[in-house]
>>> print(open('entry-v2.txt').read())   # compact mmCIF, C-alpha atoms
# COMPACT_ATOMS: atom_id res chain seq x y z
CA MET A 17 50.57 28.09 -48.21
CA ALA A 18 48.25 27.00 -45.44
CA ASP A 19 48.04 30.55 -44.14
CA ASN A 20 46.97 31.91 -47.55
CA SER A 21 44.27 29.29 -47.90
CA PHE A 22 42.93 30.10 -44.43
CA SER A 23 42.85 33.82 -45.22
CA ASP A 24 41.05 33.21 -48.51
CA GLY A 25 38.41 31.07 -46.73
CA VAL A 26 37.68 33.68 -44.12
CA SER A 27 37.44 36.35 -46.76
CA SER A 28 34.96 34.31 -48.80
CA ASP A 29 32.69 33.65 -45.77
CA SER A 30 32.75 37.32 -44.79
CA LEU A 31 31.77 38.42 -48.27
CA GLU A 32 28.84 35.95 -48.31
CA ALA A 33 27.63 37.11 -44.91
CA ALA A 34 27.85 40.76 -45.93
CA LYS A 35 25.93 40.02 -49.10
CA ASN A 36 23.14 38.25 -47.15
CA ALA A 37 22.94 41.07 -44.63
CA SER A 38 22.65 43.59 -47.43
CA ASN A 39 19.81 41.63 -49.03
CA THR A 40 17.99 41.34 -45.69
CA GLU A 41 18.26 45.09 -45.11
CA LYS A 42 16.88 45.82 -48.58
CA LEU A 43 13.94 43.39 -48.03
CA THR A 44 13.24 44.92 -44.61
CA ASP A 45 13.26 48.42 -46.10
CA GLN A 46 10.83 47.34 -48.81
CA VAL A 47 8.48 45.70 -46.28
CA MET A 48 8.55 48.67 -43.92
CA GLN A 49 7.68 50.98 -46.77
CA ASN A 50 4.47 48.96 -47.42
CA PRO A 51 1.55 50.87 -45.77
CA GLN A 52 -0.52 47.69 -45.26
CA VAL A 53 2.29 45.95 -43.40
CA LEU A 54 2.87 48.99 -41.23
CA ALA A 55 -0.85 49.22 -40.41
CA ALA A 56 -0.99 45.55 -39.44
CA LEU A 57 2.04 45.91 -37.18
CA GLN A 58 0.63 49.01 -35.57
CA GLU A 59 -2.70 47.25 -34.94
CA ARG A 60 -0.90 44.40 -33.19
CA LEU A 61 1.06 46.84 -31.08
CA ASP A 62 -2.10 48.72 -30.19
CA ASN A 63 -3.89 45.53 -29.17
CA VAL A 64 -1.01 44.46 -26.97
CA SER A 65 -0.57 47.82 -25.35
CA HIS A 66 -4.27 48.45 -24.67
CA THR A 67 -5.36 45.19 -23.05
CA PRO A 68 -6.93 45.82 -19.63
CA SER A 69 -4.43 43.64 -17.79
CA SER A 70 -1.43 45.33 -19.35
CA TYR A 71 -2.90 48.73 -18.50
CA ILE A 72 -3.47 47.73 -14.86
CA GLU A 73 0.12 46.58 -14.58
CA THR A 74 1.32 50.09 -15.49
CA LEU A 75 -0.61 51.77 -12.68
CA PRO A 76 1.11 52.95 -9.49
CA LYS A 77 0.90 50.74 -6.41
CA ALA A 78 -1.36 53.23 -4.65
CA VAL A 79 -3.92 53.00 -7.46
CA LYS A 80 -3.71 49.19 -7.51
CA ARG A 81 -4.41 49.22 -3.79
CA ARG A 82 -7.61 51.19 -4.36
CA ILE A 83 -8.66 48.81 -7.14
CA ASN A 84 -8.30 45.91 -4.71
CA ALA A 85 -10.61 47.79 -2.35
CA LEU A 86 -13.18 48.07 -5.17
CA LYS A 87 -12.97 44.31 -5.68
CA GLN A 88 -13.71 43.80 -2.00
CA LEU A 89 -16.83 45.91 -2.45
CA GLN A 90 -17.78 43.89 -5.53
CA VAL A 91 -17.62 40.64 -3.56
CA LYS A 92 -19.94 42.13 -0.94
CA CYS A 93 -22.32 43.14 -3.75
CA ALA A 94 -22.33 39.54 -5.00
CA HIS A 95 -23.34 38.29 -1.55
CA ILE A 96 -26.15 40.86 -1.36
CA GLU A 97 -27.28 39.72 -4.82
CA ALA A 98 -27.38 36.12 -3.56
CA LYS A 99 -29.68 37.24 -0.72
CA PHE A 100 -31.85 39.01 -3.26
CA TYR A 101 -32.31 35.78 -5.21
CA GLU A 102 -33.15 33.91 -2.00
CA GLU A 103 -35.97 36.39 -1.34
CA VAL A 104 -37.16 36.10 -4.93
CA HIS A 105 -37.22 32.35 -4.39
CA ASP A 106 -39.36 32.80 -1.27
CA LEU A 107 -41.70 35.00 -3.29
CA GLU A 108 -41.97 32.32 -5.98
CA ARG A 109 -42.86 29.76 -3.33
CA LYS A 110 -45.60 32.06 -2.04
CA TYR A 111 -47.14 32.52 -5.49
CA ALA A 112 -46.81 28.84 -6.32
CA ALA A 113 -49.41 28.23 -3.60
CA LEU A 114 -51.73 30.66 -5.41
CA TYR A 115 -51.20 28.97 -8.77
CA GLN A 116 -51.78 25.45 -7.44
CA PRO A 117 -55.60 25.57 -7.23
CA LEU A 118 -55.66 26.57 -10.90
CA PHE A 119 -53.26 23.76 -11.80
CA ASP A 120 -55.41 21.31 -9.82
CA LYS A 121 -58.45 22.37 -11.82
CA ARG A 122 -56.39 22.03 -15.01
CA ARG A 123 -55.70 18.41 -14.09
CA GLU A 124 -59.40 17.76 -13.46
CA PHE A 125 -60.31 19.09 -16.90
CA ILE A 126 -57.50 17.09 -18.57
CA THR A 127 -58.41 13.81 -16.89
CA GLY A 128 -62.15 14.36 -17.34
CA ASP A 129 -62.89 14.17 -13.63
CA VAL A 130 -64.63 17.55 -13.97
CA GLU A 131 -66.40 19.02 -16.99
CA PRO A 132 -65.88 22.80 -17.44
CA THR A 133 -68.96 24.99 -17.39
CA ASP A 134 -70.02 26.98 -20.45
CA ALA A 135 -68.56 30.11 -18.88
CA GLU A 136 -65.25 28.35 -18.13
CA SER A 137 -64.98 26.98 -21.67
CA GLU A 138 -65.80 30.25 -23.45
CA TRP A 139 -62.89 31.64 -25.43
CA HIS A 140 -62.95 34.54 -27.90
CA SER A 141 -60.95 34.31 -31.09
CA GLU A 142 -58.44 37.07 -31.75
CA SER A 143 -59.63 37.35 -35.35
CA GLU A 144 -62.70 39.60 -35.63
CA GLU A 145 -63.44 38.39 -39.16
CA GLU A 146 -63.52 34.79 -38.00
CA ASP A 147 -65.80 35.77 -35.13
CA LYS A 148 -68.14 37.59 -37.50
CA LEU A 149 -68.20 34.68 -39.91
CA ALA A 150 -68.84 32.30 -37.06
CA GLY A 151 -71.70 34.51 -35.87
CA ASP A 152 -73.29 34.61 -39.33
CA MET A 153 -73.11 30.87 -39.71
CA LYS A 154 -74.11 30.03 -36.16
CA ASN A 155 -77.86 30.33 -36.56
CA LYS A 156 -77.83 28.39 -39.82
CA VAL A 157 -76.06 25.34 -38.46
CA VAL A 158 -77.01 25.25 -34.80
CA VAL A 159 -79.96 22.92 -35.33
CA ALA A 160 -77.99 20.55 -37.55
CA GLU A 161 -75.12 20.50 -35.05
CA LYS A 162 -77.37 19.54 -32.19
CA GLU A 163 -78.86 16.70 -34.18
CA ALA A 164 -75.53 15.36 -35.46
CA ALA A 165 -73.33 15.95 -32.40
CA THR A 166 -74.47 12.97 -30.43
CA ALA A 167 -74.48 10.57 -33.36
CA GLU A 168 -71.31 11.58 -35.23
CA GLU A 169 -68.83 13.51 -33.07
CA PRO A 170 -66.90 11.48 -30.51
CA ASN A 171 -66.78 12.79 -26.97
CA PRO A 172 -63.73 11.27 -25.26
CA LYS A 173 -63.12 11.78 -21.58
CA GLY A 174 -61.10 14.91 -20.74
CA ILE A 175 -58.28 15.80 -23.13
CA PRO A 176 -56.67 12.55 -24.31
CA GLU A 177 -52.87 12.33 -24.43
CA PHE A 178 -52.48 15.91 -23.22
CA TRP A 179 -48.99 15.64 -21.71
CA PHE A 180 -47.81 13.12 -24.28
CA THR A 181 -48.71 15.63 -27.02
CA ILE A 182 -46.58 18.25 -25.27
CA PHE A 183 -43.65 15.81 -25.29
CA ARG A 184 -44.11 15.36 -29.04
CA ASN A 185 -44.42 19.11 -29.69
CA VAL A 186 -41.29 20.19 -27.80
CA ASP A 187 -38.05 19.21 -29.53
CA MET A 188 -36.05 19.12 -26.30
CA LEU A 189 -38.40 16.43 -24.96
CA SER A 190 -39.25 14.53 -28.13
CA GLU A 191 -35.56 13.78 -28.63
CA LEU A 192 -35.60 11.79 -25.39
CA VAL A 193 -38.72 9.76 -26.19
CA GLN A 194 -38.35 6.36 -27.86
CA GLU A 195 -41.19 4.56 -29.62
CA TYR A 196 -41.57 2.11 -26.73
CA ASP A 197 -41.84 5.05 -24.26
CA GLU A 198 -44.93 6.43 -25.97
CA PRO A 199 -47.55 3.97 -24.62
CA ILE A 200 -46.29 4.71 -21.09
CA LEU A 201 -46.34 8.49 -21.47
CA LYS A 202 -49.95 8.31 -22.63
CA HIS A 203 -50.76 7.42 -18.99
CA LEU A 204 -49.17 10.66 -17.71
CA GLN A 205 -51.88 12.75 -16.07
CA ASP A 206 -50.04 15.68 -14.53
CA ILE A 207 -46.64 17.28 -13.91
CA LYS A 208 -46.15 19.39 -10.80
CA VAL A 209 -43.37 21.53 -9.39
CA LYS A 210 -42.84 21.44 -5.64
CA PHE A 211 -40.51 23.77 -3.74
CA SER A 212 -38.48 22.99 -0.64
CA ASP A 213 -39.74 24.33 2.65
CA PRO A 214 -38.56 27.68 4.02
CA GLY A 215 -35.19 27.39 5.70
CA GLN A 216 -34.24 24.32 3.66
CA PRO A 217 -31.51 24.34 0.97
CA MET A 218 -32.77 25.77 -2.28
CA SER A 219 -34.17 23.07 -4.58
CA PHE A 220 -37.27 21.94 -6.47
CA VAL A 221 -38.94 18.64 -7.30
CA LEU A 222 -40.67 17.65 -10.52
CA GLU A 223 -43.53 15.23 -9.91
CA PHE A 224 -44.83 13.12 -12.80
CA HIS A 225 -48.26 11.70 -11.91
CA PHE A 226 -49.39 8.55 -13.74
CA GLU A 227 -52.68 6.71 -13.79
CA PRO A 228 -52.56 2.94 -13.09
CA ASN A 229 -50.82 1.20 -15.98
CA ASP A 230 -49.26 -2.08 -17.10
CA TYR A 231 -45.65 -0.83 -16.83
CA PHE A 232 -44.87 0.16 -13.23
CA THR A 233 -46.61 0.37 -9.88
CA ASN A 234 -45.53 3.94 -8.96
CA SER A 235 -48.26 6.55 -9.07
CA VAL A 236 -45.68 9.36 -8.97
CA LEU A 237 -42.13 9.56 -10.34
CA THR A 238 -39.93 12.35 -9.02
CA LYS A 239 -36.79 14.24 -9.97
CA THR A 240 -35.16 16.53 -7.40
CA TYR A 241 -32.91 19.41 -8.50
CA LYS A 242 -30.57 20.88 -5.91
CA MET A 243 -29.56 24.50 -6.30
CA LYS A 244 -27.00 26.95 -5.02
CA SER A 245 -27.36 30.70 -4.68
CA GLU A 246 -24.07 31.95 -3.35
CA PRO A 247 -20.88 33.26 -4.92
CA ASP A 248 -18.08 30.77 -5.44
CA LYS A 249 -15.27 31.41 -2.98
CA ALA A 250 -12.62 30.81 -5.62
CA ASP A 251 -14.35 32.95 -8.27
CA PRO A 252 -16.99 35.23 -6.67
CA PHE A 253 -17.22 37.51 -9.71
CA SER A 254 -18.69 34.68 -11.81
CA PHE A 255 -21.93 34.70 -9.77
CA GLU A 256 -24.96 35.38 -11.97
CA GLY A 257 -27.74 34.00 -9.82
CA PRO A 258 -28.92 30.60 -8.60
CA GLU A 259 -27.76 27.53 -10.50
CA ILE A 260 -28.61 23.83 -10.45
CA VAL A 261 -25.68 21.90 -9.00
CA ASP A 262 -26.97 18.34 -8.66
CA CYS A 263 -30.05 16.16 -9.06
CA ASP A 264 -31.57 12.94 -7.72
CA GLY A 265 -34.00 10.61 -9.40
CA CYS A 266 -36.17 7.85 -7.96
CA THR A 267 -36.57 4.09 -8.22
CA ILE A 268 -39.14 2.96 -10.77
CA ASP A 269 -40.89 -0.25 -9.68
CA TRP A 270 -41.22 -1.88 -13.08
CA LYS A 271 -43.60 -4.75 -13.58
CA LYS A 272 -42.06 -7.99 -14.82
CA GLY A 273 -40.81 -7.70 -18.38
CA LYS A 274 -41.89 -4.07 -18.74
CA ASN A 275 -38.64 -2.19 -17.97
CA VAL A 276 -37.91 -0.15 -21.10
CA THR A 277 -34.63 1.23 -19.73
CA VAL A 278 -32.88 -2.11 -20.28
CA LYS A 279 -32.88 -4.62 -23.11
CA THR A 280 -31.98 -8.30 -23.17
CA ILE A 281 -29.38 -9.50 -25.64
CA LYS A 282 -28.14 -12.99 -26.45
CA LYS A 283 -24.43 -13.70 -26.59
CA LYS A 284 -22.57 -16.87 -27.60
CA GLN A 285 -19.64 -18.10 -25.50
CA LYS A 286 -17.13 -20.78 -26.55
CA HIS A 287 -15.49 -22.99 -23.93
CA LYS A 288 -11.70 -22.75 -24.21
CA GLY A 289 -11.00 -26.40 -23.40
CA ARG A 290 -13.91 -28.40 -24.79
CA GLY A 291 -14.77 -26.04 -27.64
CA THR A 292 -18.47 -26.22 -26.87
CA VAL A 293 -20.64 -23.15 -27.47
CA ARG A 294 -23.37 -21.89 -25.18
CA THR A 295 -25.79 -18.98 -25.48
CA ILE A 296 -26.29 -16.62 -22.55
CA THR A 297 -28.71 -13.74 -22.09
CA LYS A 298 -27.60 -10.40 -20.70
CA GLN A 299 -29.36 -7.14 -19.81
CA VAL A 300 -27.78 -3.92 -21.07
CA PRO A 301 -28.89 -0.26 -20.79
CA ASN A 302 -31.44 0.93 -23.32
CA ASP A 303 -32.22 4.47 -24.52
CA SER A 304 -35.43 5.71 -22.93
CA PHE A 305 -37.01 8.86 -21.55
CA PHE A 306 -37.32 7.04 -18.23
CA ASN A 307 -33.54 7.16 -17.81
CA PHE A 308 -34.38 10.75 -16.83
CA PHE A 309 -35.14 9.35 -13.36
CA SER A 310 -31.67 7.75 -13.04
CA PRO A 311 -29.41 10.78 -13.57
CA LEU A 312 -25.67 11.08 -13.40
CA LYS A 313 -24.38 12.45 -10.13
CA ALA A 314 -22.33 15.62 -10.12
CA SER A 315 -18.81 14.97 -8.88
CA GLY A 316 -18.53 15.93 -5.23
CA ASP A 317 -15.05 14.60 -4.39
CA GLY A 318 -13.02 16.99 -6.50
CA GLU A 319 -12.92 14.49 -9.35
CA SER A 320 -13.77 15.97 -12.73
CA LEU A 321 -16.32 14.34 -15.04
CA ASP A 322 -15.37 13.48 -18.59
CA GLU A 323 -16.64 15.70 -21.39
CA ASP A 324 -19.57 13.45 -22.35
CA SER A 325 -20.73 13.19 -18.74
CA GLU A 326 -20.52 16.95 -18.26
CA PHE A 327 -22.62 17.48 -21.39
CA THR A 328 -25.20 14.91 -20.24
CA LEU A 329 -25.46 16.51 -16.81
CA ALA A 330 -25.76 20.03 -18.26
CA SER A 331 -28.52 18.84 -20.61
CA ASP A 332 -30.34 17.24 -17.69
CA PHE A 333 -30.19 20.52 -15.73
CA GLU A 334 -31.49 22.40 -18.76
CA ILE A 335 -34.44 20.04 -19.18
CA GLY A 336 -35.34 20.26 -15.49
CA HIS A 337 -35.25 24.04 -15.64
CA PHE A 338 -37.40 24.03 -18.80
CA PHE A 339 -40.05 21.85 -17.16
CA ARG A 340 -40.15 24.17 -14.17
CA GLU A 341 -40.08 27.51 -15.94
CA ARG A 342 -41.99 26.82 -19.15
CA ILE A 343 -43.80 23.51 -19.50
CA VAL A 344 -45.64 23.31 -16.17
CA PRO A 345 -46.77 26.97 -15.98
CA ARG A 346 -47.85 27.16 -19.67
CA ALA A 347 -48.84 23.59 -20.45
CA VAL A 348 -51.92 24.35 -22.58
CA LEU A 349 -49.91 26.64 -24.86
CA TYR A 350 -47.31 23.93 -25.47
CA PHE A 351 -50.17 21.49 -26.15
CA THR A 352 -51.64 23.81 -28.81
CA GLY A 353 -48.21 24.87 -30.10
CA GLU A 354 -48.75 28.57 -29.43
CA ALA A 355 -45.92 28.75 -26.88
CA ILE A 356 -43.55 27.09 -29.34
CA GLU A 357 -44.39 29.71 -31.98
CA ASP A 358 -43.86 32.47 -29.39
CA ASP A 359 -40.46 30.99 -28.47
CA ASP A 360 -39.42 30.93 -32.13
CA ASN A 361 -40.52 34.52 -32.68
CA PHE A 362 -38.72 35.69 -29.54
CA GLU A 363 -35.47 34.07 -30.64
CA GLU A 364 -35.71 35.72 -34.06
CA GLY A 365 -36.33 39.09 -32.39
CA GLU A 366 -33.25 38.70 -30.23
CA GLU A 367 -31.08 38.03 -33.27
CA GLY A 368 -32.50 41.06 -35.06
CA GLU A 369 -31.79 43.26 -32.04
CA GLU A 370 -28.19 42.09 -31.91
CA GLU A 371 -27.68 43.00 -35.56
CA GLU A 372 -29.19 46.42 -34.97
CA LEU A 373 -26.92 47.11 -32.01
CA GLU A 374 -23.85 46.04 -33.97
CA GLY A 375 -24.72 48.50 -36.72
CA ASP A 376 -25.07 51.42 -34.28
CA GLU A 377 -21.45 52.36 -33.70
CA GLU A 378 -22.33 55.39 -31.61
CA GLY A 379 -24.83 53.60 -29.36
CA ASP A 380 -24.20 52.92 -25.71
CA ASP A 381 -23.63 49.31 -24.61
CA GLU A 382 -25.91 48.09 -21.86
CA ASP A 383 -25.65 44.95 -19.79
CA ASP A 384 -28.81 42.85 -19.59
CA ALA A 385 -29.68 41.55 -16.14
CA GLU A 386 -31.77 38.39 -16.00
CA ILE A 387 -33.43 37.18 -12.85
CA ASN A 388 -33.17 33.43 -12.78
CA PRO A 389 -34.45 32.34 -9.36
CA LYS A 390 -34.52 28.65 -8.53
CA LYS A 391 -37.11 26.67 -6.66
CA GLU A 392 -37.36 23.99 -4.07
CA PRO A 393 -39.10 20.66 -3.36
CA SER A 394 -41.11 18.59 -0.96
CA GLN A 395 -40.60 14.85 -1.34
CA PRO A 396 -43.72 12.79 -2.23
CA SER A 397 -44.13 9.42 -0.64
CA GLU A 398 -45.10 7.58 -3.80
CA CYS A 399 -41.55 7.38 -5.12
CA LYS A 400 -38.39 6.11 -3.45
CA GLN A 401 -35.58 8.60 -3.98
CA GLN A 402 -32.34 7.16 -5.29
>>> encode(input="entry-v2.txt", output="structure tokens")
Amino acid sequence: MADNSFSDGVSSDSLEAAKNASNTEKLTDQVMQNPQVLAALQERLDNVSHTPSSYIETLPKAVKRRINALKQLQVKCAHIEAKFYEEVHDLERKYAALYQPLFDKRREFITGDVEPTDAESEWHSESEEEDKLAGDMKNKVVVAEKEAATAEEPNPKGIPEFWFTIFRNVDMLSELVQEYDEPILKHLQDIKVKFSDPGQPMSFVLEFHFEPNDYFTNSVLTKTYKMKSEPDKADPFSFEGPEIVDCDGCTIDWKKGKNVTVKTIKKKQKHKGRGTVRTITKQVPNDSFFNFFSPLKASGDGESLDEDSEFTLASDFEIGHFFRERIVPRAVLYFTGEAIEDDDNFEEGEEGEEEELEGDEEGDDEDDAEINPKKEPSQPSECKQQ
């Protein structure tokens, strides 16, 4: 009796398994007959089989050996490229000396120490119609202008709030400026870029020159950006030119009660035993543009920074680079807003070009090479480096 029951059980399980297998085969046949499914499977197979790494793995050892030799050559190319950027940097330093007299005169006009001559202040409008209209009206109003100019039109010294206006115009900078920073930045008279001496490690210094004010005693605040122009030993193929790797600020000698980088808060404390309450004051960090001169330090001991710190440091490097490459050389155009409009138009053009290239399926792909040389500093005596 037991044997019959056992046989019946085995037979029942076998029938169920056979039935399930039959259903699975039918479903598989139906799926494999679907053209869309087959195409999707084939695409996945193609992607797997045609990845560069998988292709390299299929090559004979002799070919792999030659590829390794090519990589050796590529590393040597990277080191030559690093030397190229060092020479570009030297060339930038040379031309910076030629620009400086013009920048010095710019400062004199901005501060009002020197008044430009009529020839120096002449500027022709790009619009011929406006020029013609101005010419037609000139003779009619010249007498009235001379009579009213002295009495009605103010004539402030230099160009008031020149650099502060640039801070307001440029989003990257205005985001850093708090309301209580504004009165201080109105005393900013000049921003300079100084390069390190020949033979010194590649770097540059931003100098912020202030007139005497009620906030701090420094006449110059500095920010030093240290750079590297050599391939990484662990990943030499990632080299794309010089990069900022660290930065140093300086100590701001704040006058009493004028430090905008900290704020004083009051906090109540209760004594555990007696239950009495006392109020204490405490200074805590405060958002301010002038925190720019107390930057985070890049990790140099192999310790990794947290994500927020890495973002802050990367933003700092970007701002320093923007001051050096755009703001200082083209200050007047950021004051008038013309450079900002040019930047916006350039970005739109880049996007349009990308769309056009994507639509041209038969076009050749080309790699864009961008020279991004970095500069170097001399340390002014007015500011104590941190």
>>> residues_around(input="entry-v2.txt", residues="Arg123 in chain A", least_positions_apart="2", cutoff="12 Å", atoms="all atoms listed in the file", output="PyMOL selection string")
chain A and resi 116-121+125-132+174-176+178-179+204-208+225-226+344+347-348
>>> atom_distance(input="entry-v2.txt", atom1="CA of Glu73 in chain A", atom2="CA of Gln90 in chain A")
20.2 Å
>>> residues_near_point(input="entry-v2.txt", point="(-43.9, 7.4, -12.2)", cutoff="8 Å", atoms="only C-alpha atoms", output="list of chain:residue names")
A:Phe224, A:His225, A:Phe226, A:Phe232, A:Thr233, A:Asn234, A:Ser235, A:Val236, A:Leu237, A:Thr238, A:Ile268, A:Cys399
>>> atom_distance(input="entry-v2.txt", atom1="CA of Trp270 in chain A", atom2="CA of Met188 in chain A")
25.3 Å
>>> atom_distance(input="entry-v2.txt", atom1="CA of Thr280 in chain A", atom2="CA of Gln299 in chain A")
4.4 Å
>>> closest_residue(input="entry-v2.txt", among="A:His287, A:Lys80, A:His95, A:Lys239", to="Glu223 in chain A", atoms="only C-alpha atoms")
A:Lys239
>>> closest_residue(input="entry-v2.txt", among="A:Asn302, A:Ser69, A:Gln49, A:Asn84", to="Leu192 in chain A", atoms="only C-alpha atoms")
A:Asn302
